[in-house]
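Structure data (compact mmCIF, C-alpha atoms) from data.txt:
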```
# COMPACT_ATOMS: atom_id res chain seq x y z
CA MET Z 146 -5.23 -4.74 -2.51
CA ILE Z 147 -2.53 -4.66 0.13
CA ARG Z 148 -1.86 -8.39 -0.10
CA THR Z 149 -1.61 -8.20 -3.89
CA THR Z 150 0.73 -5.23 -3.62
CA ALA Z 151 2.91 -7.07 -1.11
CA LEU Z 152 3.18 -10.11 -3.38
CA ALA Z 153 3.86 -7.88 -6.34
CA VAL Z 154 7.05 -6.58 -4.69
CA LEU Z 155 8.58 -9.96 -3.80
CA THR Z 156 11.75 -11.52 -5.27
CA LEU Z 157 12.73 -15.12 -4.52
CA ALA Z 158 16.30 -16.50 -4.64
CA ALA Z 159 16.93 -20.22 -4.62
CA ASN Z 160 19.78 -22.81 -4.77
CA ALA Z 161 19.01 -25.82 -7.00
CA CYS Z 162 20.88 -27.22 -9.96
CA TRP Z 163 18.58 -28.95 -12.41
CA GLY Z 164 18.08 -28.16 -16.08
CA GLN Z 165 15.13 -26.53 -17.79
CA ASP Z 166 13.40 -29.85 -18.41
CA ASP Z 167 13.44 -30.59 -14.68
CA ALA Z 168 11.72 -27.43 -13.41
CA ARG Z 169 9.09 -29.64 -11.80
CA LYS Z 170 11.79 -31.29 -9.68
CA ILE Z 171 12.96 -27.88 -8.48
CA ILE Z 172 9.45 -27.04 -7.35
CA GLU Z 173 9.04 -30.41 -5.64
CA HIS Z 174 12.40 -29.97 -3.93
CA LEU Z 175 11.40 -26.51 -2.68
CA SER Z 176 8.10 -27.84 -1.36
CA GLU Z 177 9.78 -30.77 0.40
CA HIS Z 178 12.40 -28.46 1.90
CA TYR Z 179 9.84 -26.18 3.53
CA ARG Z 180 7.78 -29.12 4.73
CA ASN Z 181 10.85 -30.42 6.58
CA VAL Z 182 11.74 -27.05 8.15
CA GLN Z 183 10.19 -26.93 11.63
CA GLY Z 184 11.22 -23.40 12.50
CA CYS Z 185 12.93 -20.56 10.66
CA SER Z 186 13.72 -16.87 10.73
CA VAL Z 187 14.23 -14.56 7.76
CA THR Z 188 14.91 -10.90 7.05
CA LEU Z 189 12.44 -9.25 4.66
CA THR Z 190 13.76 -6.26 2.74
CA MET Z 191 11.74 -4.28 0.23
CA ASP Z 192 13.81 -2.12 -2.12
CA VAL Z 193 12.03 0.41 -4.33
CA GLU Z 194 14.02 2.69 -6.63
CA PHE Z 195 12.76 5.52 -8.82
CA PRO Z 196 15.56 6.26 -11.31
CA ASP Z 197 13.52 8.94 -13.07
CA GLY Z 198 12.24 10.69 -9.96
CA ALA Z 199 9.65 9.70 -7.41
CA PRO Z 200 5.92 9.92 -8.15
CA PHE Z 201 3.56 11.17 -5.43
CA GLY Z 202 6.52 12.65 -3.57
CA ILE Z 203 7.85 9.19 -2.66
CA GLY Z 204 11.59 8.69 -2.48
CA ASP Z 205 13.57 5.50 -2.87
CA MET Z 206 12.69 3.00 -0.15
CA ASP Z 207 14.74 0.41 1.68
CA GLN Z 208 12.41 -1.12 4.26
CA THR Z 209 13.42 -4.06 6.47
CA SER Z 210 11.20 -6.30 8.60
CA TYR Z 211 11.81 -9.55 10.42
CA ALA Z 212 9.93 -12.84 10.59
CA SER Z 213 10.18 -15.95 12.77
CA VAL Z 214 7.92 -18.98 12.36
CA LEU Z 215 7.74 -22.31 14.20
CA LYS Z 216 5.31 -25.07 13.29
CA PRO Z 217 2.54 -25.69 13.99
CA ASN Z 218 1.36 -22.22 15.09
CA ILE Z 219 4.02 -19.95 16.61
CA PHE Z 220 5.16 -16.88 14.67
CA ALA Z 221 6.07 -13.21 14.87
CA PHE Z 222 6.58 -10.30 12.49
CA TRP Z 223 8.12 -7.00 13.53
CA PRO Z 224 9.61 -3.93 11.80
CA GLY Z 225 13.16 -2.75 11.48
CA ASP Z 226 14.42 0.61 12.75
CA LYS Z 227 13.47 2.71 9.72
CA PRO Z 228 10.09 4.50 9.70
CA ALA Z 229 7.40 2.94 7.53
CA PRO Z 230 7.21 4.40 4.00
CA MET Z 231 4.30 6.43 2.60
CA GLY Z 232 2.64 6.80 5.98
CA MET Z 233 1.98 3.07 6.20
CA PRO Z 234 1.11 1.85 9.70
CA VAL Z 235 3.72 0.02 11.77
CA VAL Z 236 2.44 -3.49 12.53
CA ARG Z 237 3.72 -5.98 15.10
CA VAL Z 238 2.41 -9.53 15.32
CA MET Z 239 3.15 -12.23 17.89
CA CYS Z 240 1.52 -15.64 18.28
CA ASP Z 241 2.81 -17.82 21.12
CA GLY Z 242 0.69 -20.81 20.17
CA LYS Z 243 -2.13 -19.80 22.53
CA GLN Z 244 -2.89 -16.16 21.72
CA LEU Z 245 -2.44 -14.18 18.52
CA VAL Z 246 -1.77 -10.51 19.30
CA THR Z 247 -1.61 -7.83 16.62
CA ALA Z 248 -0.62 -4.27 17.44
CA MET Z 249 -0.05 -0.85 15.89
CA PRO Z 250 2.10 0.77 18.60
CA ASN Z 251 2.16 4.18 16.89
CA GLU Z 252 -1.64 4.26 16.92
CA ALA Z 253 -1.95 2.67 20.41
CA LEU Z 254 -4.19 -0.08 19.04
CA TYR Z 255 -4.11 -3.83 19.49
CA SER Z 256 -6.27 -6.92 19.07
CA SER Z 257 -6.09 -10.37 20.63
CA GLU Z 258 -7.64 -13.68 19.60
CA ASP Z 259 -7.13 -17.39 20.03
CA ALA Z 260 -4.15 -18.76 18.12
CA PRO Z 261 -4.88 -20.82 15.01
CA ALA Z 262 -4.33 -24.56 15.41
CA THR Z 263 -1.98 -24.56 12.41
CA LEU Z 264 -0.46 -22.10 9.97
CA ALA Z 265 -2.65 -23.58 7.23
CA GLU Z 266 -5.64 -21.76 8.73
CA LEU Z 267 -3.93 -18.46 7.84
CA VAL Z 268 -3.48 -19.25 4.14
CA THR Z 269 -6.40 -17.52 2.43
CA GLU Z 270 -7.12 -16.26 -1.04
CA PRO Z 271 -7.29 -12.44 -1.26
CA ASP Z 272 -10.82 -11.06 -1.49
CA PRO Z 273 -11.04 -8.52 -4.34
CA GLU Z 274 -14.24 -7.10 -2.85
CA SER Z 275 -12.62 -6.29 0.48
CA MET Z 276 -11.06 -2.92 1.23
CA MET Z 277 -9.01 -4.44 4.06
CA PRO Z 278 -6.36 -7.18 4.17
CA ALA Z 279 -7.47 -10.48 5.65
CA HIS Z 280 -4.58 -10.34 8.15
CA ALA Z 281 -2.69 -7.38 9.60
CA TRP Z 282 0.70 -8.89 8.75
CA GLU Z 283 -0.14 -8.52 5.07
CA MET Z 284 0.85 -4.89 5.64
CA ILE Z 285 4.44 -6.20 5.90
CA ALA Z 286 5.71 -7.07 2.43
CA GLY Z 287 6.64 -10.75 2.30
CA ALA Z 288 5.09 -11.77 5.62
CA GLN Z 289 2.16 -13.68 4.11
CA MET Z 290 4.60 -15.43 1.79
CA VAL Z 291 6.53 -16.73 4.80
CA ILE Z 292 3.28 -18.05 6.31
CA ASP Z 293 2.40 -19.73 3.02
CA LEU Z 294 5.79 -21.40 2.68
CA MET Z 295 5.74 -22.78 6.22
CA SER Z 296 2.09 -23.81 6.24
CA ASP Z 297 2.28 -27.30 4.66
CA VAL Z 298 -0.37 -26.28 2.11
CA PRO Z 299 1.93 -25.17 -0.72
CA ASP Z 300 -0.74 -25.61 -3.39
CA LYS Z 301 -2.29 -22.36 -2.13
CA GLY Z 302 0.94 -20.38 -2.12
CA ILE Z 303 4.21 -19.93 -3.98
CA VAL Z 304 4.42 -23.56 -5.17
CA LYS Z 305 1.16 -23.16 -7.06
CA MET Z 306 2.47 -19.97 -8.64
CA LEU Z 307 5.73 -21.67 -9.63
CA SER Z 308 3.90 -24.68 -11.05
CA GLN Z 309 2.14 -22.38 -13.50
CA ALA Z 310 5.22 -20.27 -14.28
CA GLU Z 311 7.69 -20.35 -17.14
CA TYR Z 312 11.10 -21.67 -16.09
CA LYS Z 313 13.89 -19.36 -17.31
CA GLY Z 314 16.92 -21.41 -16.25
CA VAL Z 315 19.80 -20.71 -13.88
CA GLN Z 316 21.20 -17.26 -13.14
CA GLY Z 317 24.67 -16.91 -11.59
CA GLU Z 318 27.20 -19.55 -10.58
CA ASP Z 319 28.22 -21.57 -7.53
CA ALA Z 320 26.89 -20.07 -4.27
CA GLN Z 321 25.19 -17.26 -6.22
CA ALA Z 322 23.27 -19.58 -8.55
CA ARG Z 323 19.53 -19.04 -8.66
CA HIS Z 324 16.71 -20.72 -10.53
CA VAL Z 325 14.56 -18.11 -12.24
CA PHE Z 326 10.83 -18.45 -12.97
CA LEU Z 327 8.54 -15.97 -14.71
CA ALA Z 328 5.08 -16.08 -13.16
CA THR Z 329 1.88 -14.12 -13.66
CA GLU Z 330 -0.13 -13.21 -10.60
CA GLN Z 331 -3.77 -12.32 -11.14
CA GLY Z 332 -4.66 -9.33 -9.03
CA GLU Z 333 -7.78 -7.47 -8.06
CA PHE Z 334 -10.31 -6.28 -10.65
CA GLY Z 335 -8.68 -8.36 -13.38
CA GLN Z 336 -5.21 -6.80 -13.57
CA SER Z 337 -2.15 -9.04 -13.55
CA THR Z 338 1.52 -8.68 -12.65
CA LYS Z 339 4.46 -10.58 -14.12
CA LEU Z 340 6.97 -11.63 -11.48
CA GLU Z 341 10.51 -12.91 -11.73
CA ILE Z 342 10.85 -15.50 -8.99
CA PHE Z 343 14.28 -16.67 -7.85
CA VAL Z 344 14.94 -19.92 -5.94
CA ALA Z 345 18.45 -20.67 -4.58
CA ALA Z 346 20.41 -23.64 -5.99
CA GLY Z 347 21.72 -26.34 -3.71
CA ASP Z 348 20.37 -28.63 -1.05
CA LYS Z 349 18.42 -25.82 0.68
CA PRO Z 350 16.16 -24.20 -1.93
CA TRP Z 351 15.11 -21.19 0.10
CA VAL Z 352 12.86 -18.66 -1.57
CA THR Z 353 14.94 -15.50 -1.55
CA ALA Z 354 13.24 -12.85 -3.72
CA ILE Z 355 10.44 -11.83 -6.17
CA LYS Z 356 10.76 -9.00 -8.65
CA PRO Z 357 7.76 -7.61 -10.56
CA GLN Z 358 8.06 -6.50 -14.16
CA ILE Z 359 6.53 -3.04 -14.42
CA ASP Z 360 4.52 -2.71 -17.63
CA GLN Z 361 4.28 0.43 -19.75
CA ALA Z 362 0.91 1.54 -18.35
CA GLN Z 363 2.19 1.28 -14.79
CA GLN Z 364 5.35 3.19 -15.70
CA GLN Z 365 3.26 6.01 -17.13
CA MET Z 366 1.53 6.30 -13.77
CA PHE Z 367 4.32 5.61 -11.32
CA GLY Z 368 7.48 6.24 -13.32
CA LYS Z 369 10.31 3.80 -13.97
CA ILE Z 370 10.30 1.76 -10.78
CA ASP Z 371 12.68 -1.02 -9.82
CA ILE Z 372 11.10 -3.13 -7.06
CA THR Z 373 12.62 -6.09 -5.24
CA LEU Z 374 11.53 -7.93 -2.13
CA ARG Z 375 14.41 -9.96 -0.73
CA PHE Z 376 14.30 -12.88 1.71
CA ASP Z 377 17.73 -12.91 3.33
CA ASP Z 378 19.44 -14.88 6.09
CA TRP Z 379 17.09 -17.84 6.33
CA LYS Z 380 18.00 -19.73 9.51
CA ALA Z 381 16.62 -22.69 11.43
CA ILE Z 382 15.33 -21.75 14.91
CA GLU Z 383 13.77 -23.54 17.87
CA ALA Z 384 12.14 -20.58 19.67
CA LEU Z 385 11.03 -17.00 19.01
CA PRO Z 386 13.86 -14.50 19.53
CA GLU Z 387 13.51 -11.92 22.26
CA ALA Z 388 13.27 -9.12 19.66
CA ALA Z 389 10.01 -10.64 18.43
CA ARG Z 390 8.25 -10.16 21.76
CA PHE Z 391 6.39 -7.04 22.87
CA LYS Z 392 4.08 -5.96 25.69
CA ILE Z 393 0.73 -4.24 25.47
CA ALA Z 394 0.90 -0.79 27.09
CA ASP Z 395 -1.85 0.24 29.48
CA GLU Z 396 -2.93 3.15 27.31
CA TRP Z 397 -3.41 1.04 24.14
CA LYS Z 398 -6.99 0.53 22.99
CA LYS Z 399 -8.20 -3.02 22.33
CA VAL Z 400 -10.20 -3.41 19.10
CA ASP Z 401 -11.54 -6.29 17.05
CA ASN Z 402 -9.38 -5.49 14.02
CA VAL Z 403 -6.49 -3.02 14.20
CA ILE Z 404 -6.38 -2.34 10.44
CA GLU Z 405 -10.11 -1.70 10.22
CA ALA Z 406 -10.07 0.46 13.35
CA ALA Z 407 -7.18 2.55 12.07
CA MET Z 408 -8.61 3.02 8.57
CA ASN Z 409 -12.28 3.47 9.48
CA GLY Z 410 -12.39 6.27 11.98
CA LEU Z 411 -9.80 6.18 14.74
CA MET Z 412 -7.09 7.67 12.57
CA THR Z 413 -9.51 10.11 10.94
CA GLU Z 414 -10.65 11.46 14.30
CA GLY Z 415 -7.26 11.15 15.94
CA PRO Z 416 -4.88 13.88 17.12
CA ASP Z 417 -3.23 16.35 14.79
CA ASP Z 418 0.28 15.01 15.38
CA LEU Z 419 -0.11 11.76 13.44
CA GLY Z 420 3.28 12.07 11.86
CA ASP Z 421 2.36 13.34 8.38
CA GLU Z 422 4.14 16.28 6.87
CA PRO Z 423 2.29 19.57 7.57
CA ARG Z 424 0.14 20.93 4.79
CA ASP Z 425 1.82 23.74 2.91
CA ASP Z 426 1.87 25.16 -0.59
CA GLY Z 427 3.19 21.96 -2.10
CA PRO Z 428 6.54 20.25 -2.62
CA ASP Z 429 9.52 21.75 -4.35
CA GLN Z 430 9.16 19.31 -7.24
CA PRO Z 431 8.48 21.06 -10.56
CA LYS Z 432 4.88 21.28 -11.72
CA PRO Z 433 3.60 21.90 -15.24
CA PRO Z 434 3.50 25.69 -15.76
CA ALA Z 435 -0.28 25.64 -16.16
CA ALA Z 436 -0.69 23.94 -12.79
CA ASP Z 437 1.17 26.54 -10.74
CA LYS Z 438 -0.34 29.21 -8.52
CA GLY Z 439 -1.39 32.37 -10.36
CA ASN Z 440 -2.13 30.54 -13.62
CA PRO Z 441 -5.50 29.52 -15.07
CA ALA Z 442 -6.57 26.10 -13.86
CA PRO Z 443 -6.41 23.50 -16.67
CA ASP Z 444 -9.95 22.82 -17.82
CA PHE Z 445 -11.23 19.25 -17.86
CA THR Z 446 -14.36 17.16 -18.13
CA LEU Z 447 -14.69 13.89 -16.21
CA THR Z 448 -17.42 11.37 -15.58
CA THR Z 449 -18.33 11.26 -11.90
CA LEU Z 450 -18.93 8.25 -9.70
CA ASP Z 451 -22.70 8.71 -10.09
CA GLU Z 452 -22.18 8.80 -13.90
CA SER Z 453 -22.91 12.50 -14.33
CA THR Z 454 -20.48 14.97 -15.93
CA PHE Z 455 -18.14 17.38 -14.16
CA THR Z 456 -16.69 20.24 -16.27
CA LEU Z 457 -14.47 22.73 -14.50
CA SER Z 458 -15.04 25.64 -16.91
CA SER Z 459 -18.79 25.50 -16.21
CA LEU Z 460 -18.06 26.67 -12.65
CA LYS Z 461 -16.66 30.12 -13.53
CA GLY Z 462 -17.92 32.59 -10.95
CA LYS Z 463 -17.60 30.05 -8.13
CA VAL Z 464 -14.70 29.11 -5.88
CA VAL Z 465 -13.71 25.50 -6.62
CA VAL Z 466 -11.84 23.15 -4.30
CA LEU Z 467 -10.34 20.08 -6.00
CA ASP Z 468 -8.92 17.32 -3.85
CA PHE Z 469 -6.96 14.54 -5.59
CA TRP Z 470 -7.21 11.31 -3.58
CA ALA Z 471 -7.38 7.50 -3.59
CA THR Z 472 -8.95 4.95 -1.24
CA TRP Z 473 -5.55 3.39 -0.46
CA CYS Z 474 -4.09 6.70 0.73
CA GLY Z 475 -4.32 6.94 4.53
CA PRO Z 476 -3.67 10.73 4.73
CA CYS Z 477 -6.36 11.25 2.04
CA VAL Z 478 -8.89 9.30 4.08
CA ARG Z 479 -8.05 11.35 7.17
CA ALA Z 480 -8.18 14.68 5.32
CA LEU Z 481 -11.44 14.24 3.39
CA PRO Z 482 -13.83 14.62 6.36
CA THR Z 483 -12.29 18.02 7.08
CA VAL Z 484 -12.38 19.39 3.55
CA THR Z 485 -15.89 18.08 2.90
CA SER Z 486 -17.21 19.55 6.15
CA VAL Z 487 -15.65 22.97 5.54
CA THR Z 488 -16.71 23.22 1.90
CA ALA Z 489 -20.26 22.15 2.83
CA ASP Z 490 -20.39 25.10 5.24
CA TYR Z 491 -19.44 27.41 2.35
CA ALA Z 492 -21.66 25.83 -0.32
CA ASP Z 493 -24.31 28.58 -0.06
CA LYS Z 494 -21.53 31.15 -0.55
CA GLY Z 495 -20.55 29.81 -3.96
CA VAL Z 496 -17.93 27.19 -3.02
CA VAL Z 497 -17.93 23.91 -4.97
CA PHE Z 498 -16.03 20.82 -3.86
CA ALA Z 499 -14.95 17.85 -5.99
CA ALA Z 500 -12.85 14.91 -4.80
CA VAL Z 501 -11.00 13.75 -7.92
CA ASN Z 502 -10.27 10.05 -7.56
CA LEU Z 503 -6.98 8.92 -9.01
CA ARG Z 504 -6.88 5.78 -11.23
CA GLU Z 505 -9.24 3.51 -9.32
CA LYS Z 506 -12.14 1.34 -10.46
CA PRO Z 507 -15.61 2.82 -9.83
CA GLU Z 508 -16.82 -0.33 -8.06
CA ARG Z 509 -13.96 -0.08 -5.61
CA VAL Z 510 -14.61 3.58 -4.82
CA ARG Z 511 -18.38 3.05 -4.52
CA LYS Z 512 -17.91 0.30 -1.95
CA PHE Z 513 -15.34 2.32 -0.03
CA MET Z 514 -17.59 5.38 0.11
CA ALA Z 515 -20.60 3.29 1.10
CA ASP Z 516 -18.60 1.79 3.94
CA LYS Z 517 -17.55 5.27 5.05
CA GLU Z 518 -21.07 6.70 4.46
CA TRP Z 519 -19.62 9.45 2.25
CA SER Z 520 -21.68 11.12 -0.49
CA PHE Z 521 -19.61 13.96 -1.98
CA ASN Z 522 -19.01 14.51 -5.71
CA VAL Z 523 -16.25 12.26 -7.13
CA PRO Z 524 -14.97 12.88 -10.69
CA MET Z 525 -13.05 9.79 -11.84
CA ASP Z 526 -9.57 10.49 -13.25
CA THR Z 527 -9.24 6.92 -14.51
CA ASP Z 528 -6.08 7.39 -16.56
CA GLY Z 529 -4.35 9.96 -14.33
CA SER Z 530 -4.22 12.58 -17.09
CA ILE Z 531 -5.92 15.31 -15.04
CA ALA Z 532 -3.63 14.68 -12.07
CA GLN Z 533 -0.70 14.94 -14.47
CA ALA Z 534 -1.99 18.24 -15.86
CA TYR Z 535 -2.20 19.59 -12.30
CA GLY Z 536 1.32 18.42 -11.42
CA VAL Z 537 0.15 15.96 -8.78
CA THR Z 538 3.21 14.22 -7.30
CA GLY Z 539 1.81 13.40 -3.86
CA ILE Z 540 -1.66 12.85 -2.47
CA PRO Z 541 -3.74 14.25 -0.91
CA HIS Z 542 -3.22 17.19 -3.25
CA SER Z 543 -5.70 20.07 -2.96
CA VAL Z 544 -6.12 22.93 -5.43
CA ILE Z 545 -8.22 26.01 -4.66
CA ILE Z 546 -9.42 27.93 -7.72
CA ASP Z 547 -10.89 31.42 -7.57
CA LYS Z 548 -14.01 32.77 -9.32
CA GLN Z 549 -12.00 33.72 -12.40
CA GLY Z 550 -10.60 30.19 -12.76
CA ILE Z 551 -7.14 31.04 -11.43
CA ILE Z 552 -5.23 28.66 -9.14
CA ARG Z 553 -4.73 30.47 -5.84
CA HIS Z 554 -3.63 27.81 -3.37
CA ILE Z 555 -2.04 24.33 -3.58
CA HIS Z 556 -1.67 22.00 -0.60
CA VAL Z 557 -0.01 18.58 -0.46
CA GLY Z 558 -0.18 16.22 2.52
CA PHE Z 559 -2.18 16.34 5.73
CA GLY Z 560 -0.90 17.84 8.97
CA GLY Z 561 -4.05 17.45 11.04
CA ALA Z 562 -7.72 18.43 11.04
CA LYS Z 563 -7.47 21.58 13.17
CA GLN Z 564 -4.62 23.12 11.20
CA TYR Z 565 -6.16 22.30 7.82
CA GLU Z 566 -9.63 23.52 8.77
CA ALA Z 567 -8.32 26.87 10.00
CA GLN Z 568 -6.17 27.35 6.90
CA LEU Z 569 -8.93 26.32 4.50
CA ARG Z 570 -11.53 28.60 6.11
CA ALA Z 571 -9.16 31.57 5.98
CA GLU Z 572 -8.43 30.98 2.29
CA LEU Z 573 -12.10 30.55 1.37
CA ASP Z 574 -13.14 33.64 3.34
CA GLU Z 575 -10.63 35.64 1.30
CA LEU Z 576 -11.70 34.27 -2.07
CA ILE Z 577 -15.48 34.57 -1.67
CA LYS Z 578 -15.07 38.29 -0.93
CA GLU Z 579 -13.36 38.95 -4.27
```

Is it possible to express this structure as C-alpha cells?
Amino acid sequence: MIRTTALAVLTLAANACWGQDDARKIIEHLSEHYRNVQGCSVTLTMDVEFPDGAPFGIGDMDQTSYASVLKPNIFAFWPGDKPAPMGMPVVRVMCDGKQLVTAMPNEALYSSEDAPATLAELVTEPDPESMMPAHAWEMIAGAQMVIDLMSDVPDKGIVKMLSQAEYKGVQGEDAQARHVFLATEQGEFGQSTKLEIFVAAGDKPWVTAIKPQIDQAQQQMFGKIDITLRFDDWKAIEALPEAARFKIADEWKKVDNVIEAAMNGLMTEGPDDLGDEPRDDGPDQPKPPAADKGNPAPDFTLTTLDESTFTLSSLKGKVVVLDFWATWCGPCVRALPTVTSVTADYADKGVVFAAVNLREKPERVRKFMADKEWSFNVPMDTDGSIAQAYGVTGIPHSVIIDKQGIIRHIHVGFGGAKQYEAQLRAELDELIKE
C-alpha cells in the first residue's frame, strides 16, 4: 500500500518540445537522458492541501526529503527538517556500494545488508498481498521513483507508465514548458488512480512532478484534496553529499527489517512518549450533534470480519467500547492491544468491545490480523458512513457508550499504553456501577 500511495502523490515536470504525434519521442528522450546520467541529486517535496478542511485531523502538509544516487549502486535518502506527517516513521537510507544501511533514528532501529550490485535489483513490482513495503525508502514519497529512473530498467518504472498514458500536450512556455501525460496506475485490490505526469521541455527532460486526480468516491472519504509530489533541483553529482551520511548510535537496535520491526511489535510495546498527541476527549473540530457526548449513540448494523452481524442497539444494558481503526494507522496498531486487553478484563462485567475497521478490504484486514495473531470482533465500515455518523476526523477514535446507549466518552489519538489503560479502566469502572 505504501508504495502505491507514494506513487499516487507524485507529479513530474519535464522540458521537451515535440508535438502530440511525437509523444513516443519524448518518452525515448527521457529514457535516454536518465540512462546517460551517472549521478544525480534531487529534492522531493510532497504538498497536500485540504481546501475544505482536513479529514482525520490532518492539516495541510509540505514535506521535503532529499535523494542522491550514483550508478551502479550508491544512493541515499534522508528527511528534511520538518517532522513526518501523520505519525509516519522517519527513515534514513545510505548505501555506499558495499553496505546498505536503513535506519529509523526516532525508533532507535536499524538494519544492514550487502549492497545490491546494481540499482536494477531494487526495482520490484509492489506485492498487493504484503502489508509492508518491499523497501524502507518507499516510506519517502518519490524515493522509489528516483531509483526506478536511475536503474537502467525503465520498462519497469515511469517509462512504462508513460508509454501507456495519454499525451495531453505542452503546458507553459519557454523555461516553464512541461509535457503533460495522463496515466492510470493500477493499485492494490483492483483500485486505480489517474495521474497527471509532467516532463520538462528541453535537452534535459527531468521528471519533475506527478499529480493524482482525486475521484468522487475518494473525495467523499478524504475531502477535496490537492496532492502534488515535486522533483526539484535535479543536479549532476559525483559523490554522496555529507548531509546524506549518518552514524549508527550505540543504543540503536539492529533488526532484519526496520519497517516490520516497528510495525509488528516494537512500537506497540515501546515507551509511552512515542510522540503522538495525548488521548483526550477529542479534537475541537465539529462533530455531528448525534455523535457528541451526552447524546444517544447512532445505531448501526454492520457485517463483521467473520461475516456475522453487529447491531449496536442489541447491546442495550451493556457498556460498549467502539474503536475506529485501520491497518495503515500506526497509532491504531499501537493502541489496540491496550483497549482489547482492558475490555477483555471487563467482559464478564458487561463490557463489549468492537474494533470498527474503516474502509478497508476484508482480505487485507484478515491477513493483517492473522499476522498480528489478533482475534477481536471487527465490524467492517466499508463505505465510511458509520465513521461519518460518529464524527470521526482522526483515528484511532474511541467511543464509550453507557448501558442506556448514551455516548459518555470520546478519545482521539494515542498517548501511550499506561496512560490509556489507566484512563479506560477508570471510565469503565464508573459506567459498570451505574

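Nearest residue to Val497 of chain Z, choosing from Z:Met525, Z:Leu267, Z:Val465, Z:Val214 and counting all atoms listed in the file: Z:Val465.
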
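Within 8 Å of Asp401 of chain Z, once all atoms listed in the file are used and residues closer than 2 positions along the same chain are dropped, the contacting residues are Ser256, Ser257, Lys399, Val403 and Ala406 of chain Z.
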
- Item | Polymer residues at most 6 Å from segment 468-474 of chain Z, all atoms listed in the file, same-chain spacing of 6 or more positions, as a list of chain:residue names | Z:Ala500, Z:Val501, Z:Asn502, Z:Leu503, Z:Ile540, Z:Pro541, Z:His542, Z:Ser543

- Task: Tell me which protein, DNA and RNA residues are within 12 Å of Leu467 of chain Z, counting all atoms listed in the file, leaving out same-chain ones fewer than 4 positions away, and put them as an MDAnalysis selection string.
- Result: chainID Z and resid 442:443 445 455 457 481 484:485 488 496:502 521:524 531:532 535 537 540:547 552:557

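What separates atom CA of Ala212 of chain Z from atom CA of Glu194 of chain Z is a distance of 23.5 Å.
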
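The shortest atom-to-atom distance to Leu374 of chain Z, with all atoms listed in the file taken into account, belongs to Z:Ser210 out of Z:Asn251, Z:Asn440, Z:Ser210, Z:Ser458.
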
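Take atom CA of Asp293 of chain Z and atom CA of Glu252 of chain Z: the distance between them is 28.0 Å.
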
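Checking Z:Phe391, Z:Ala381, Z:Ser176, Z:Glu318 one by one against Phe222 of chain Z, counting all atoms listed in the file, you find the shortest gap at Z:Phe391.
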